[in-house]
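Engineer: Below is a structure I'd like to ask you about.
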Amino acid sequence: MKPFFEEWKTWIKSQKRLSDNTISSYTRDLKAFNVFITNFKNSNLNIKILSELDEDDLSGWFYERLKNDISHRSNARALSALKSFMNYLIKAGIIENSKILTIKGPKFLESLPRPLSLEQIHKIITEIKNGKVKWITMRNLSIIIMMWGYGLRISEALNIKVRDLSRNELRVTGKGQKVRLIPLHEELINFINKMLEIIPFTYNDDSFIFLGKKGRKLKPEIIQRIIREIRNKCLLPDNTTPHSLRHTFATELLQNLVDLRYIQELLGHSSLSTTQKYTSVDSEHLKKILEKKHPRA
């Protein structure tokens with residue numbers, strides 16, 4: 001099955017234009033399914049087994065995953081991965097059809113984004129400023145500002161290359177390889193350029209801006225660990241993660257009555273419905289504005 005897996009990965013990247021993170025997650029899901037089927041069917045996964053898969057097989061897989069405390073959301077993604085693979089096999093003429101494609105995913109409650117307060121943001125920035133190595137401190141601070149001040153996903157920030165940064169804007173490649181241009185404050189651009197001047201590595205236009213201590217592209221786990229350590233030290237809420245900085249960015253724009261479609265463009269959402277979840281978060285704030293500003297209040 002390995003050649004089919006590799007061809008499928010190429011297909012979802014070049015034809016479906018899925019992000020590297022999604023491809024990585026889908027690949028893990030299919031590997032986990034392969035292990036399950038090998039044990040469940042007492043046989044290695046093959047085309048015959050794949051073409052005969054039905055709802056009972058899938059129910060067994062989901063049951064096994066739920067026993068291992070894997071969430072409904074992760075199961076929904078895993079089903080999407082399997083459906084994607086089956087779709088590829090059908091388009092490639094390897095199998096004729098699949099019952100898997102008619103199965104609906106597990107329902108789950110949509111979790112609302114939980115923004116941080118300005119005081120909590122200041123605590124994070126203060127702790128990062130206490131770093132011992134100047135260029136690493138500047139690196140971490142720049143990444144935080146990219147997520148909180150401009151709404152970037154952590155993967156988007158870490159994928160920025162030197163050529164993506166101009167004098168007044170940033171070229172961001174988001175999910176599905178969708179590109180958006182974000183205007184940057186001159187002070188931030190100067191700050192990043194100063195970091196590049198003192199960093200102990202050689203750069204060219206194709207180099208990643210944010211590097212680890214060994215000069216390789218910085219991994220998200222490093223920033224996640226830094227935020228986690230600050231959260232524990234400063235007794236910040238459990239929702240204090242790199243992604244909560246992006247949520248805070250969107251919520252602050254909404255509080256300042258920025259049009260939802262502008263927020264959608266800045267966040268790189270392909271659908272306005274994804275952006276609209278922030279309206280639920282900020283309804284209480286908008287209520288206070290109406291009570292204060294409306295002529296009939």
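Letters for chains follow the order of the structure tokens (A, B, ...), residue numbers begin at 1 for each chain, and ligand numbers begin at 1 in the order shown.
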Would you tabulate, counting only C-alpha atoms, all residues of stretch 68-176 of chain A that have an atom at most 9 Å from an atom of stretch 38-53 of chain A, showing the closest pair of atoms and their distance in Å to one decimal, sorted by chain then ascending number, as JSON lines?

Structural biologist:
{"residue": "A:Met86", "atom": "CA", "partner": "A:Leu50", "partner_atom": "CA", "distance": 8.0}
{"residue": "A:Ile94", "atom": "CA", "partner": "A:Ile47", "partner_atom": "CA", "distance": 7.9}
{"residue": "A:Ile95", "atom": "CA", "partner": "A:Ser51", "partner_atom": "CA", "distance": 6.3}
{"residue": "A:Glu96", "atom": "CA", "partner": "A:Ser51", "partner_atom": "CA", "distance": 7.8}
{"residue": "A:Asn97", "atom": "CA", "partner": "A:Ser51", "partner_atom": "CA", "distance": 7.1}
{"residue": "A:Ser98", "atom": "CA", "partner": "A:Ser51", "partner_atom": "CA", "distance": 6.0}
{"residue": "A:Lys99", "atom": "CA", "partner": "A:Leu53", "partner_atom": "CA", "distance": 6.8}
{"residue": "A:Ile100", "atom": "CA", "partner": "A:Leu53", "partner_atom": "CA", "distance": 6.8}

Engineer: Limited to C-alpha atoms, could you put the picked residues into a file as a tab-separated table (two decimals), in the first residue's frame?

Structural biologist:
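What follows is the written file part.tsv:
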chain	number	residue	atom	x	y	z
A	86	MET	CA	-10.78	6.59	-0.89
A	94	ILE	CA	-7.90	1.60	-8.39
A	95	ILE	CA	-11.32	0.90	-6.82
A	96	GLU	CA	-14.80	1.53	-8.26
A	97	ASN	CA	-16.62	2.95	-5.23
A	98	SER	CA	-16.68	2.97	-1.44
A	99	LYS	CA	-19.40	2.88	1.21
A	100	ILE	CA	-17.12	4.99	3.39

Engineer: Could you check how far atom CA of A:Leu101 sits from atom CA of A:Ser84, in Å to one decimal?

Structural biologist: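 Rounded to one decimal, the two atoms are 8.9 Å apart.
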
Engineer: Give me the residues near A:Glu221 as a tab-separated table (two decimals) with N, CA and C atoms, in the first residue's frame, where near means some atom within 10 Å (using only C-alpha atoms) and where sequence neighbours in that chain fewer than 5 positions away do not count.

Structural biologist:
chain	number	residue	atom	x	y	z
A	154	ILE	N	0.48	30.16	14.19
A	154	ILE	CA	1.88	29.92	14.54
A	154	ILE	C	2.64	29.34	13.36
A	226	ILE	N	7.26	27.61	25.42
A	226	ILE	CA	7.51	28.91	26.05
A	226	ILE	C	6.22	29.48	26.63
A	227	ILE	N	5.15	29.45	25.84
A	227	ILE	CA	3.86	29.96	26.30
A	227	ILE	C	3.35	29.13	27.48

Engineer: Taking the chain letters and numbering used in this document, name the residues of stretch 19-77 of chain A that DSSP puts in alpha helix (DSSP H), as JSON, numbers by chain.

Structural biologist: {"A": [20, 21, 22, 23, 24, 25, 26, 27, 28, 29, 30, 31, 32, 33, 34, 35, 36, 37, 38, 39, 40, 47, 48, 49, 50, 51, 52, 55, 56, 57, 58, 59, 60, 61, 62, 63, 64, 65, 66, 67, 72, 73, 74, 75, 76, 77]}

Engineer: Can you list, as a ChimeraX atom specification, every protein, DNA or RNA residue that comes within 12 Å of A:Arg231 when you count only C-alpha atoms, leaving out same-chain residues fewer than 3 positions away?

Structural biologist: /A:116,120-121,123-125,127-128,224-228,234-242
